[in-house]
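Chemist: Just one file: coords-v9.cif, with mmCIF, C-alpha atoms.
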data_protein
loop_
_atom_site.label_atom_id
_atom_site.label_comp_id
_atom_site.auth_asym_id
_atom_site.auth_seq_id
_atom_site.Cartn_x
_atom_site.Cartn_y
_atom_site.Cartn_z
CA MET A 290 -150.14 -108.93 -8.80
CA SER A 291 -146.41 -108.74 -8.21
CA ASP A 292 -144.71 -105.37 -8.56
CA SER A 293 -142.16 -105.88 -11.32
CA ALA A 294 -141.14 -102.21 -11.24
CA SER A 295 -139.61 -102.52 -7.76
CA ALA A 296 -138.38 -106.13 -8.06
CA PRO A 297 -134.64 -106.84 -8.38
CA ARG A 298 -133.30 -107.62 -11.83
CA PHE A 299 -133.89 -111.24 -12.70
CA ASP A 300 -131.12 -113.27 -14.36
CA LEU A 301 -133.17 -114.93 -17.09
CA ASP A 302 -130.10 -116.43 -18.77
CA ALA A 303 -129.09 -118.25 -15.59
CA TYR A 304 -132.64 -119.48 -15.02
CA PHE A 305 -132.97 -120.80 -18.57
CA GLY A 306 -129.59 -122.47 -18.25
CA ARG A 307 -130.77 -124.20 -15.08
CA ILE A 308 -133.95 -125.57 -16.65
CA GLY A 309 -132.36 -126.31 -20.02
CA TRP A 310 -134.64 -124.02 -22.01
CA ALA A 311 -133.19 -122.99 -25.38
CA GLY A 312 -136.48 -122.07 -27.05
CA ALA A 313 -138.17 -118.77 -27.79
CA ARG A 314 -138.27 -115.92 -25.30
CA ARG A 315 -141.65 -114.51 -26.24
CA PRO A 316 -144.62 -113.84 -23.95
CA ASP A 317 -146.85 -116.31 -25.79
CA ALA A 318 -148.67 -119.54 -24.99
CA ALA A 319 -146.10 -121.85 -26.60
CA THR A 320 -143.24 -120.35 -24.57
CA LEU A 321 -145.33 -120.40 -21.40
CA ARG A 322 -146.06 -124.11 -21.87
CA GLY A 323 -142.49 -125.00 -22.74
CA VAL A 324 -140.89 -123.10 -19.87
CA GLN A 325 -143.29 -124.55 -17.27
CA LEU A 326 -142.61 -128.13 -18.37
CA ALA A 327 -138.85 -127.51 -18.53
CA HIS A 328 -138.88 -126.06 -15.01
CA LEU A 329 -140.80 -129.05 -13.64
CA ARG A 330 -138.36 -131.53 -15.17
CA ALA A 331 -135.26 -129.66 -14.02
CA ILE A 332 -135.87 -128.51 -10.43
CA PRO A 333 -137.19 -131.01 -7.88
CA PHE A 334 -139.86 -130.39 -5.28
CA GLU A 335 -138.53 -130.79 -1.72
CA ASN A 336 -139.21 -129.67 1.83
CA LEU A 337 -135.81 -130.19 3.47
CA ASP A 338 -135.60 -126.69 4.96
CA ALA A 339 -138.96 -127.16 6.67
CA LEU A 340 -137.90 -130.62 7.83
CA GLY A 341 -134.89 -128.94 9.44
CA GLY A 342 -137.14 -126.60 11.39
CA ARG A 343 -136.89 -123.37 9.40
CA ALA A 344 -138.95 -121.55 6.81
CA PRO A 345 -137.05 -121.19 3.53
CA SER A 346 -136.31 -117.69 2.31
CA LEU A 347 -138.55 -116.35 -0.45
CA ASP A 348 -136.17 -113.54 -1.31
CA LEU A 349 -135.47 -113.73 -5.02
CA ALA A 350 -131.69 -113.56 -4.61
CA ASP A 351 -131.83 -116.45 -2.13
CA LEU A 352 -134.06 -118.46 -4.47
CA MET A 353 -131.62 -117.92 -7.33
CA ALA A 354 -128.75 -119.09 -5.13
CA LYS A 355 -130.59 -122.19 -3.93
CA LEU A 356 -132.66 -123.35 -6.94
CA VAL A 357 -130.71 -121.96 -9.88
CA HIS A 358 -127.03 -121.56 -9.03
CA GLY A 359 -126.95 -124.29 -6.39
CA ARG A 360 -128.25 -126.97 -8.80
CA ARG A 361 -128.34 -129.68 -6.11
CA ARG A 362 -131.42 -128.42 -4.27
CA GLY A 363 -135.09 -127.80 -4.98
CA GLY A 364 -137.92 -126.22 -3.03
CA TYR A 365 -141.62 -126.29 -2.33
CA CYS A 366 -144.50 -124.33 -3.83
CA TYR A 367 -143.72 -120.82 -2.56
CA GLU A 368 -140.11 -121.09 -3.72
CA HIS A 369 -140.88 -122.62 -7.10
CA ASN A 370 -143.71 -120.29 -8.04
CA THR A 371 -141.97 -117.14 -6.76
CA LEU A 372 -139.04 -118.02 -9.01
CA PHE A 373 -141.32 -118.93 -11.93
CA ALA A 374 -143.30 -115.70 -11.56
CA ALA A 375 -140.08 -113.67 -11.78
CA ALA A 376 -139.09 -115.54 -14.95
CA LEU A 377 -142.49 -114.96 -16.56
CA GLU A 378 -142.41 -111.26 -15.72
CA ALA A 379 -138.94 -111.03 -17.26
CA LEU A 380 -140.48 -112.45 -20.44
CA GLY A 381 -143.21 -109.78 -20.42
CA VAL A 382 -146.01 -111.90 -18.92
CA ARG A 383 -148.38 -110.24 -16.45
CA VAL A 384 -148.55 -112.38 -13.29
CA THR A 385 -151.06 -112.45 -10.46
CA LEU A 386 -150.19 -114.44 -7.34
CA LEU A 387 -152.99 -116.78 -6.20
CA THR A 388 -153.51 -118.84 -3.06
CA ALA A 389 -155.41 -122.13 -3.17
CA ARG A 390 -156.90 -124.70 -0.82
CA VAL A 391 -155.39 -128.16 -1.38
CA VAL A 392 -158.56 -130.28 -1.42
CA LEU A 393 -157.21 -133.62 -2.61
CA GLY A 394 -159.03 -136.19 -0.49
CA ALA A 395 -161.06 -133.56 1.42
CA ASP A 396 -164.76 -134.06 2.21
CA ARG A 397 -165.34 -130.30 2.46
CA PHE A 398 -163.25 -127.69 0.69
CA ALA A 399 -163.74 -125.20 3.54
CA ASP A 400 -161.94 -127.56 5.92
CA ARG A 401 -158.66 -126.91 4.12
CA PRO A 402 -156.87 -123.57 4.57
CA ARG A 403 -155.35 -121.63 1.70
CA THR A 404 -151.77 -122.86 1.77
CA HIS A 405 -150.83 -123.45 -1.88
CA MET A 406 -149.36 -120.81 -4.17
CA ALA A 407 -150.34 -120.77 -7.85
CA LEU A 408 -150.13 -118.17 -10.61
CA LEU A 409 -152.46 -116.50 -13.08
CA ALA A 410 -150.57 -115.57 -16.24
CA GLU A 411 -151.85 -113.01 -18.76
CA LEU A 412 -150.24 -112.88 -22.20
CA PRO A 413 -150.18 -109.80 -24.45
CA GLY A 414 -152.95 -110.01 -27.04
CA ASP A 415 -154.47 -113.17 -25.54
CA PRO A 416 -157.88 -112.57 -23.89
CA ARG A 417 -157.63 -115.76 -21.79
CA PRO A 418 -155.59 -115.83 -18.59
CA TYR A 419 -153.80 -119.10 -17.81
CA LEU A 420 -153.47 -121.05 -14.58
CA ALA A 421 -149.72 -121.71 -14.30
CA ASP A 422 -148.10 -123.73 -11.53
CA VAL A 423 -144.70 -125.37 -11.03
CA GLY A 424 -145.04 -126.00 -7.29
CA PHE A 425 -147.83 -128.50 -6.67
CA GLY A 426 -146.14 -131.59 -5.26
CA ALA A 427 -148.54 -134.29 -6.43
CA LEU A 428 -149.22 -136.65 -9.32
CA GLY A 429 -152.20 -134.50 -10.23
CA SER A 430 -150.11 -131.39 -10.82
CA LEU A 431 -150.27 -129.39 -14.03
CA LEU A 432 -147.42 -130.06 -16.42
CA GLU A 433 -148.38 -127.15 -18.64
CA PRO A 434 -150.52 -124.04 -18.03
CA VAL A 435 -154.21 -124.28 -18.88
CA PRO A 436 -156.57 -121.46 -19.89
CA LEU A 437 -158.98 -120.28 -17.22
CA ILE A 438 -162.01 -121.85 -18.90
CA ALA A 439 -164.60 -123.93 -17.08
CA ASP A 440 -165.73 -127.44 -18.02
CA THR A 441 -163.17 -128.02 -20.75
CA GLU A 442 -160.69 -130.89 -20.70
CA PHE A 443 -157.05 -130.11 -21.40
CA LEU A 444 -154.25 -132.53 -22.23
CA ASP A 445 -151.02 -131.18 -20.77
CA ALA A 446 -147.92 -133.21 -21.67
CA GLY A 447 -149.86 -136.46 -21.27
CA ARG A 448 -151.91 -135.58 -18.18
CA ARG A 449 -155.62 -134.72 -18.28
CA HIS A 450 -156.99 -131.72 -16.39
CA ARG A 451 -160.03 -129.51 -16.32
CA LEU A 452 -161.26 -126.51 -14.36
CA VAL A 453 -164.75 -126.45 -12.88
CA HIS A 454 -166.71 -124.10 -10.67
CA ALA A 455 -167.73 -124.98 -7.12
CA PRO A 456 -170.13 -123.25 -4.72
CA GLY A 457 -168.47 -120.54 -2.67
CA ARG A 458 -169.48 -118.01 -0.03
CA GLY A 459 -167.50 -115.03 -1.29
CA PRO A 460 -168.12 -112.57 -4.12
CA LEU A 461 -165.62 -114.27 -6.45
CA GLU A 462 -166.16 -117.52 -8.34
CA THR A 463 -164.48 -120.57 -6.86
CA TRP A 464 -162.43 -122.53 -9.38
CA VAL A 465 -161.34 -126.14 -8.85
CA LEU A 466 -158.48 -127.83 -10.67
CA GLN A 467 -159.32 -131.47 -11.34
CA ALA A 468 -157.01 -134.21 -12.60
CA HIS A 469 -158.22 -137.37 -14.32
CA ARG A 470 -156.77 -140.30 -12.42
CA ALA A 471 -157.83 -143.90 -11.85
CA GLY A 472 -160.74 -143.45 -14.23
CA ASP A 473 -162.29 -140.47 -12.47
CA TRP A 474 -161.93 -136.71 -12.01
CA GLN A 475 -160.25 -135.85 -8.71
CA ALA A 476 -160.21 -132.36 -7.21
CA GLN A 477 -156.67 -131.11 -6.57
CA TYR A 478 -157.06 -127.56 -5.31
CA ALA A 479 -159.65 -124.78 -5.16
CA PHE A 480 -158.97 -121.07 -5.63
CA THR A 481 -160.35 -117.67 -6.50
CA VAL A 482 -158.58 -115.06 -8.62
CA GLU A 483 -158.12 -112.67 -5.70
CA PRO A 484 -154.58 -111.25 -5.91
CA PHE A 485 -152.18 -112.02 -3.07
CA GLU A 486 -148.96 -110.20 -2.24
CA PRO A 487 -145.46 -111.51 -1.39
CA SER A 488 -146.01 -110.44 2.24
CA ASP A 489 -148.96 -112.86 2.44
CA TYR A 490 -146.71 -115.77 1.53
CA GLU A 491 -144.16 -114.84 4.17
CA VAL A 492 -146.83 -115.63 6.77
CA ILE A 493 -148.16 -118.76 5.04
CA ASN A 494 -144.64 -120.04 4.36
CA TRP A 495 -143.66 -119.66 8.02
CA HIS A 496 -146.81 -121.45 9.18
CA VAL A 497 -146.46 -124.39 6.78
CA ALA A 498 -142.74 -124.81 7.47
CA THR A 499 -142.73 -124.48 11.25
CA ASN A 500 -146.12 -125.65 12.52
CA PRO A 501 -145.43 -128.99 14.26
CA ARG A 502 -148.65 -130.38 12.80
CA SER A 503 -147.62 -129.57 9.23
CA PRO A 504 -146.70 -132.70 7.24
CA PHE A 505 -143.81 -130.77 5.69
CA ALA A 506 -142.25 -130.31 9.12
CA ARG A 507 -142.38 -134.01 10.03
CA ARG A 508 -141.08 -136.09 7.13
CA PRO A 509 -139.20 -135.70 3.83
CA TYR A 510 -141.49 -135.10 0.88
CA VAL A 511 -139.60 -134.94 -2.40
CA GLN A 512 -140.64 -135.38 -5.99
CA ARG A 513 -138.92 -135.32 -9.33
CA LEU A 514 -140.45 -135.38 -12.81
CA THR A 515 -138.70 -136.94 -15.81
CA PRO A 516 -140.07 -137.61 -19.29
CA ASP A 517 -140.41 -141.27 -18.29
CA ALA A 518 -141.57 -141.22 -14.68
CA HIS A 519 -142.72 -139.40 -11.57
CA LEU A 520 -140.53 -140.12 -8.53
CA LEU A 521 -141.75 -139.52 -4.99
CA LEU A 522 -139.99 -139.87 -1.65
CA ASP A 523 -142.59 -139.68 1.12
CA GLY A 524 -140.97 -140.47 4.46
CA ASP A 525 -139.10 -143.73 3.93
CA ARG A 526 -141.14 -144.79 0.87
CA LEU A 527 -139.73 -144.30 -2.62
CA THR A 528 -142.44 -144.58 -5.29
CA VAL A 529 -141.89 -144.49 -9.04
CA THR A 530 -144.88 -144.07 -11.39
CA ARG A 531 -144.19 -144.72 -15.06
CA THR A 532 -145.46 -142.14 -17.53
CA ASP A 533 -146.29 -144.53 -20.38
CA ASP A 534 -148.50 -147.11 -18.64
CA GLY A 535 -148.95 -145.84 -15.08
CA THR A 536 -147.03 -148.77 -13.58
CA VAL A 537 -146.16 -148.10 -9.93
CA THR A 538 -143.19 -149.56 -8.06
CA GLU A 539 -142.51 -148.88 -4.39
CA ARG A 540 -139.75 -149.71 -1.98
CA LYS A 541 -139.02 -148.92 1.64
CA LEU A 542 -135.70 -147.29 2.41
CA PRO A 543 -134.18 -149.12 5.37
CA GLY A 544 -132.28 -146.24 6.92
CA GLU A 545 -130.75 -142.76 6.87
CA THR A 546 -127.83 -143.69 4.62
CA GLU A 547 -130.14 -145.16 1.98
CA ALA A 548 -132.42 -142.12 2.15
CA ARG A 549 -129.50 -139.75 1.54
CA ARG A 550 -128.28 -141.94 -1.30
CA ALA A 551 -131.74 -141.94 -2.90
CA LEU A 552 -131.92 -138.15 -2.68
CA ALA A 553 -128.54 -137.80 -4.35
CA GLU A 554 -128.92 -140.47 -7.03
CA GLU A 555 -132.64 -140.43 -7.83
CA PHE A 556 -133.51 -136.78 -7.20
CA GLY A 557 -130.22 -134.92 -7.70
CA ILE A 558 -130.41 -133.40 -4.21
CA ASP A 559 -127.67 -133.04 -1.62
CA ALA A 560 -129.31 -133.12 1.81
CA PRO A 561 -127.98 -130.44 4.21
CA GLU A 562 -125.34 -131.56 6.67
CA GLY A 563 -126.75 -132.42 10.08
CA LEU A 564 -130.32 -132.91 8.85
CA THR A 565 -131.99 -136.14 9.97
CA LEU A 566 -134.27 -137.36 7.19
CA LEU A 567 -135.94 -140.38 8.79
CA ARG A 568 -137.34 -139.97 12.30
#
How does the structure come out when it is put into structure tokens?
Modeler:
Amino acid sequence: MSDSASAPRFDLDAYFGRIGWAGARRPDAATLRGVQLAHLRAIPFENLDALGGRAPSLDLADLMAKLVHGRRRGGYCYEHNTLFAAALEALGVRVTLLTARVVLGADRFADRPRTHMALLAELPGDPRPYLADVGFGALGSLLEPVPLIADTEFLDAGRRHRLVHAPGRGPLETWVLQAHRAGDWQAQYAFTVEPFEPSDYEVINWHVATNPRSPFARRPYVQRLTPDAHLLLDGDRLTVTRTDDGTVTERKLPGETEARRALAEEFGIDAPEGLTLLR
């Protein structure tokens, strides 16, 4: 659980201005759902710092400068969920930091290390904690928080999710987030509710950003969510998935100039000077 007593003061007004949230400021389920969806639609997912060979700062002041005041950048899971956790705590939500194994496409969950950051949110007077997450860069990501309840389907802003249990070797239950896609339930990530600390993510963040075998260190991976579509830049491929009917269109970007133009026009991101996107 993060230590809100020693954390720097969080500028909730600036954060809400960045994500366009003008709704209630109460620590309740409706606000939690609304703020998560607003965050996802306002701040893109991107790995450009890692692509440039450095681990992005997780210091809250740096995250405010980059994701909130900068307005033309985004971040990846540790940045997004560190920022989101600070916002929730400013609203009076109790937050526990979780670390998950991304198991999408994996044959064995244990083959994947814990590299994804997610949050457990506890609301005053509500006996059910919620899985909250604004940093999972995939089509199967949660659009709204879901209660930590097993074997129950949830509809979150048009997407279908459920949480199930999986066998695990440790003393804590293993939870798996599943998304319903292509007519079937697909595992996205697996986690326990063991609390992690900000210092843990400093190590994981450095590894994911700088390990030469990390996919985030080798190619641009950027996504943006709008009410109408999910946009993904993966290397030189720009894919748009329509929200209403699931129609997918894809095109190959022929060069560096087109990649920078796509980032600016489609994702609202200004790539850092001197960064080579396509290698």
Chemist: Quote the spacing between CA of Ala344 in chain A and CA of Asp302 in chain A in Å to one decimal place.
Modeler: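 About the pair CA of Ala344 in chain A and CA of Asp302 in chain A: they are 27.5 Å apart.
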Chemist: Pull out every residue that the PyMOL selection byres ((chain A and resi 335) around 6) matches in the shown coordinates and put them as number ranges by chain.
Modeler: A: 334, 336-337, 363-365, 510-511
Chemist: Do a neighbour search on range 548-552 of chain A at 12 Å with all atoms listed in the file, toss out local chain neighbours closer than 2 positions, and write the hits as a ChimeraX atom specification.
Modeler: /A:333-335,337,361-363,508-513,520-528,540-546,554-568
Chemist: Using all atoms listed in the file, which of A:His405, A:Arg315, A:Arg307, A:His450 sits nearest Glu433 in chain A?
Modeler: A:His450
Chemist: Do a neighbour search on range 371-385 of chain A at 7 Å with all atoms listed in the file, toss out local chain neighbours closer than 5 positions, and write the hits as a count of residues only.
Modeler: 16
Chemist: Tell me which of A:Arg470, A:Arg531, A:Arg330, A:Arg458 sits closest to Phe398 in chain A, counting all atoms listed in the file.
Modeler: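 The closest residue to Phe398 in chain A is A:Arg458.
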Chemist: Rounded to one decimal in Å, what is the spacing between CA of Leu437 in chain A and CA of Tyr419 in chain A?
Modeler: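 Interatomic distance, CA of Leu437 in chain A to CA of Tyr419 in chain A: 5.3 Å.
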Chemist: Identify which of the residues A:Ala313, A:His454, A:Gly342, A:Ala327 lies closest to Pro501 in chain A, counting all atoms listed in the file when measuring atom-to-atom distances.
Modeler: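 The answer is A:Gly342, which sits nearest to Pro501 in chain A.
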Chemist: Any chance you could resolve the PyMOL selection byres ((chain A and resi 463) around 12) against this file and give the residues as a PDB file with C-alpha atoms, in the coordinates of the input?
Modeler:
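Saved the output as out34.pdb:
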ATOM      1  CA  THR A 388    -153.510-118.840  -3.060  1.00  0.00           C
ATOM      2  CA  ALA A 389    -155.410-122.130  -3.170  1.00  0.00           C
ATOM      3  CA  ARG A 390    -156.900-124.700  -0.820  1.00  0.00           C
ATOM      4  CA  PHE A 398    -163.250-127.690   0.690  1.00  0.00           C
ATOM      5  CA  ALA A 399    -163.740-125.200   3.540  1.00  0.00           C
ATOM      6  CA  LEU A 437    -158.980-120.280 -17.220  1.00  0.00           C
ATOM      7  CA  ALA A 439    -164.600-123.930 -17.080  1.00  0.00           C
ATOM      8  CA  LEU A 452    -161.260-126.510 -14.360  1.00  0.00           C
ATOM      9  CA  VAL A 453    -164.750-126.450 -12.880  1.00  0.00           C
ATOM     10  CA  HIS A 454    -166.710-124.100 -10.670  1.00  0.00           C
ATOM     11  CA  ALA A 455    -167.730-124.980  -7.120  1.00  0.00           C
ATOM     12  CA  PRO A 456    -170.130-123.250  -4.720  1.00  0.00           C
ATOM     13  CA  GLY A 457    -168.470-120.540  -2.670  1.00  0.00           C
ATOM     14  CA  ARG A 458    -169.480-118.010  -0.030  1.00  0.00           C
ATOM     15  CA  GLY A 459    -167.500-115.030  -1.290  1.00  0.00           C
ATOM     16  CA  PRO A 460    -168.120-112.570  -4.120  1.00  0.00           C
ATOM     17  CA  LEU A 461    -165.620-114.270  -6.450  1.00  0.00           C
ATOM     18  CA  GLU A 462    -166.160-117.520  -8.340  1.00  0.00           C
ATOM     19  CA  TRP A 464    -162.430-122.530  -9.380  1.00  0.00           C
ATOM     20  CA  VAL A 465    -161.340-126.140  -8.850  1.00  0.00           C
ATOM     21  CA  LEU A 466    -158.480-127.830 -10.670  1.00  0.00           C
ATOM     22  CA  TYR A 478    -157.060-127.560  -5.310  1.00  0.00           C
ATOM     23  CA  ALA A 479    -159.650-124.780  -5.160  1.00  0.00           C
ATOM     24  CA  PHE A 480    -158.970-121.070  -5.630  1.00  0.00           C
ATOM     25  CA  THR A 481    -160.350-117.670  -6.500  1.00  0.00           C
ATOM     26  CA  VAL A 482    -158.580-115.060  -8.620  1.00  0.00           C
ATOM     27  CA  GLU A 483    -158.120-112.670  -5.700  1.00  0.00           C
TER      28      GLU A 483
END
Chemist: So how far away is CA of Asp338 in chain A from CA of Arg507 in chain A, in Å?
Modeler: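 Between CA of Arg507 in chain A and CA of Asp338 in chain A the gap is 11.2 Å.
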Chemist: Measuring between only C-alpha atoms, which one of A:Asp534, A:Gln467, A:Asp351, A:Asn370 shows the shortest distance to Pro487 in chain A?
Modeler: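 Among the listed residues, A:Asn370 lies closest to Pro487 in chain A.
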Chemist: When you look at His496 in chain A with a cut-off of 12 Å (counting only C-alpha atoms), what residues show up, excluding the ones that are within fewer than 2 positions of it in the same chain? I need them as number ranges by chain.
Modeler: A: 339, 342-345, 402-405, 489-494, 498-506
Chemist: Within 6 Å of (-150.6, -133.0, -14.1) (file coordinates; all atoms listed in the file), which protein or nucleic acid residues are there? I'd like them as a VMD selection string.
Modeler: chain A and resid 429 to 432 448
Chemist: From the list A:Leu356, A:Cys366, A:Ile438, A:Ala476, which residue is nearest Gly394 in chain A when using all atoms listed in the file?
Modeler: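 Distance minimum relative to Gly394 in chain A lands on A:Ala476.
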Chemist: For the structure shown, which residues end up in the PyMOL selection byres ((chain A and resi 515) around 9)? Put them as a list in words, please?
Modeler: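 Those residues are Leu329, Arg330, Ala331, Arg513, Leu514, Pro516, Asp517, Ala518, His519, Leu520 and Thr532 of chain A.
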Chemist: Assuming the input is short of atoms at range 520-550 of chain A, produce N, CA and C atoms for that part as a PDB file, keeping the file's coordinate frame.
Modeler:
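Output saved as result.pdb:
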ATOM      1  N   LEU A 520    -141.172-139.523  -9.693  1.00  0.00           N
ATOM      2  CA  LEU A 520    -140.530-140.120  -8.530  1.00  0.00           C
ATOM      3  C   LEU A 520    -140.975-139.366  -7.281  1.00  0.00           C
ATOM      4  N   LEU A 521    -141.301-140.114  -6.233  1.00  0.00           N
ATOM      5  CA  LEU A 521    -141.750-139.520  -4.990  1.00  0.00           C
ATOM      6  C   LEU A 521    -141.089-140.199  -3.808  1.00  0.00           C
ATOM      7  N   LEU A 522    -140.474-139.395  -2.942  1.00  0.00           N
ATOM      8  CA  LEU A 522    -139.990-139.870  -1.650  1.00  0.00           C
ATOM      9  C   LEU A 522    -140.895-139.269  -0.592  1.00  0.00           C
ATOM     10  N   ASP A 523    -141.668-140.111   0.076  1.00  0.00           N
ATOM     11  CA  ASP A 523    -142.590-139.680   1.120  1.00  0.00           C
ATOM     12  C   ASP A 523    -142.214-140.443   2.387  1.00  0.00           C
ATOM     13  N   GLY A 524    -141.505-139.769   3.298  1.00  0.00           N
ATOM     14  CA  GLY A 524    -140.970-140.470   4.460  1.00  0.00           C
ATOM     15  C   GLY A 524    -139.894-141.442   4.016  1.00  0.00           C
ATOM     16  N   ASP A 525    -140.085-142.722   4.334  1.00  0.00           N
ATOM     17  CA  ASP A 525    -139.100-143.730   3.930  1.00  0.00           C
ATOM     18  C   ASP A 525    -139.563-144.552   2.734  1.00  0.00           C
ATOM     19  N   ARG A 526    -140.599-144.075   2.018  1.00  0.00           N
ATOM     20  CA  ARG A 526    -141.140-144.790   0.870  1.00  0.00           C
ATOM     21  C   ARG A 526    -140.755-144.086  -0.428  1.00  0.00           C
ATOM     22  N   LEU A 527    -140.096-144.819  -1.311  1.00  0.00           N
ATOM     23  CA  LEU A 527    -139.730-144.300  -2.620  1.00  0.00           C
ATOM     24  C   LEU A 527    -140.658-144.936  -3.655  1.00  0.00           C
ATOM     25  N   THR A 528    -141.454-144.115  -4.328  1.00  0.00           N
ATOM     26  CA  THR A 528    -142.440-144.580  -5.290  1.00  0.00           C
ATOM     27  C   THR A 528    -142.116-144.023  -6.666  1.00  0.00           C
ATOM     28  N   VAL A 529    -142.137-144.893  -7.664  1.00  0.00           N
ATOM     29  CA  VAL A 529    -141.890-144.490  -9.040  1.00  0.00           C
ATOM     30  C   VAL A 529    -143.121-144.856  -9.870  1.00  0.00           C
ATOM     31  N   THR A 530    -143.707-143.861 -10.543  1.00  0.00           N
ATOM     32  CA  THR A 530    -144.880-144.070 -11.390  1.00  0.00           C
ATOM     33  C   THR A 530    -144.469-143.812 -12.833  1.00  0.00           C
ATOM     34  N   ARG A 531    -144.581-144.838 -13.662  1.00  0.00           N
ATOM     35  CA  ARG A 531    -144.190-144.720 -15.060  1.00  0.00           C
ATOM     36  C   ARG A 531    -145.166-143.848 -15.839  1.00  0.00           C
ATOM     37  N   THR A 532    -144.632-143.034 -16.735  1.00  0.00           N
ATOM     38  CA  THR A 532    -145.460-142.140 -17.530  1.00  0.00           C
ATOM     39  C   THR A 532    -146.258-142.887 -18.587  1.00  0.00           C
ATOM     40  N   ASP A 533    -145.654-143.903 -19.227  1.00  0.00           N
ATOM     41  CA  ASP A 533    -146.290-144.530 -20.380  1.00  0.00           C
ATOM     42  C   ASP A 533    -147.510-145.373 -20.005  1.00  0.00           C
ATOM     43  N   ASP A 534    -147.405-146.190 -18.965  1.00  0.00           N
ATOM     44  CA  ASP A 534    -148.500-147.110 -18.640  1.00  0.00           C
ATOM     45  C   ASP A 534    -149.012-146.979 -17.208  1.00  0.00           C
ATOM     46  N   GLY A 535    -148.481-146.029 -16.438  1.00  0.00           N
ATOM     47  CA  GLY A 535    -148.950-145.840 -15.080  1.00  0.00           C
ATOM     48  C   GLY A 535    -148.477-146.875 -14.084  1.00  0.00           C
ATOM     49  N   THR A 536    -147.538-147.751 -14.487  1.00  0.00           N
ATOM     50  CA  THR A 536    -147.030-148.770 -13.580  1.00  0.00           C
ATOM     51  C   THR A 536    -146.364-148.126 -12.366  1.00  0.00           C
ATOM     52  N   VAL A 537    -146.682-148.650 -11.179  1.00  0.00           N
ATOM     53  CA  VAL A 537    -146.160-148.100  -9.930  1.00  0.00           C
ATOM     54  C   VAL A 537    -145.275-149.138  -9.255  1.00  0.00           C
ATOM     55  N   THR A 538    -144.070-148.726  -8.877  1.00  0.00           N
ATOM     56  CA  THR A 538    -143.190-149.560  -8.060  1.00  0.00           C
ATOM     57  C   THR A 538    -142.847-148.795  -6.791  1.00  0.00           C
ATOM     58  N   GLU A 539    -142.755-149.516  -5.685  1.00  0.00           N
ATOM     59  CA  GLU A 539    -142.510-148.880  -4.390  1.00  0.00           C
ATOM     60  C   GLU A 539    -141.519-149.708  -3.593  1.00  0.00           C
ATOM     61  N   ARG A 540    -140.651-149.005  -2.889  1.00  0.00           N
ATOM     62  CA  ARG A 540    -139.750-149.710  -1.980  1.00  0.00           C
ATOM     63  C   ARG A 540    -139.514-148.872  -0.729  1.00  0.00           C
ATOM     64  N   LYS A 541    -139.281-149.568   0.355  1.00  0.00           N
ATOM     65  CA  LYS A 541    -139.020-148.920   1.640  1.00  0.00           C
ATOM     66  C   LYS A 541    -137.516-148.750   1.812  1.00  0.00           C
ATOM     67  N   LEU A 542    -137.107-147.551   2.164  1.00  0.00           N
ATOM     68  CA  LEU A 542    -135.700-147.290   2.410  1.00  0.00           C
ATOM     69  C   LEU A 542    -135.369-147.688   3.843  1.00  0.00           C
ATOM     70  N   PRO A 543    -134.392-148.551   4.045  1.00  0.00           N
ATOM     71  CA  PRO A 543    -134.180-149.120   5.370  1.00  0.00           C
ATOM     72  C   PRO A 543    -133.507-148.201   6.383  1.00  0.00           C
ATOM     73  N   GLY A 544    -132.956-147.067   5.941  1.00  0.00           N
ATOM     74  CA  GLY A 544    -132.280-146.240   6.920  1.00  0.00           C
ATOM     75  C   GLY A 544    -131.827-144.906   6.362  1.00  0.00           C
ATOM     76  N   GLU A 545    -131.175-144.117   7.214  1.00  0.00           N
ATOM     77  CA  GLU A 545    -130.750-142.760   6.870  1.00  0.00           C
ATOM     78  C   GLU A 545    -129.767-142.746   5.699  1.00  0.00           C
ATOM     79  N   THR A 546    -128.821-143.663   5.693  1.00  0.00           N
ATOM     80  CA  THR A 546    -127.830-143.690   4.620  1.00  0.00           C
ATOM     81  C   THR A 546    -128.488-143.926   3.271  1.00  0.00           C
ATOM     82  N   GLU A 547    -129.447-144.856   3.233  1.00  0.00           N
ATOM     83  CA  GLU A 547    -130.140-145.160   1.980  1.00  0.00           C
ATOM     84  C   GLU A 547    -131.009-143.993   1.539  1.00  0.00           C
ATOM     85  N   ALA A 548    -131.602-143.276   2.494  1.00  0.00           N
ATOM     86  CA  ALA A 548    -132.420-142.120   2.150  1.00  0.00           C
ATOM     87  C   ALA A 548    -131.568-141.020   1.524  1.00  0.00           C
ATOM     88  N   ARG A 549    -130.398-140.759   2.104  1.00  0.00           N
ATOM     89  CA  ARG A 549    -129.500-139.750   1.540  1.00  0.00           C
ATOM     90  C   ARG A 549    -129.005-140.171   0.151  1.00  0.00           C
ATOM     91  N   ARG A 550    -128.736-141.459  -0.003  1.00  0.00           N
ATOM     92  CA  ARG A 550    -128.280-141.940  -1.300  1.00  0.00           C
ATOM     93  C   ARG A 550    -129.390-141.792  -2.348  1.00  0.00           C
TER      94      ARG A 550
END
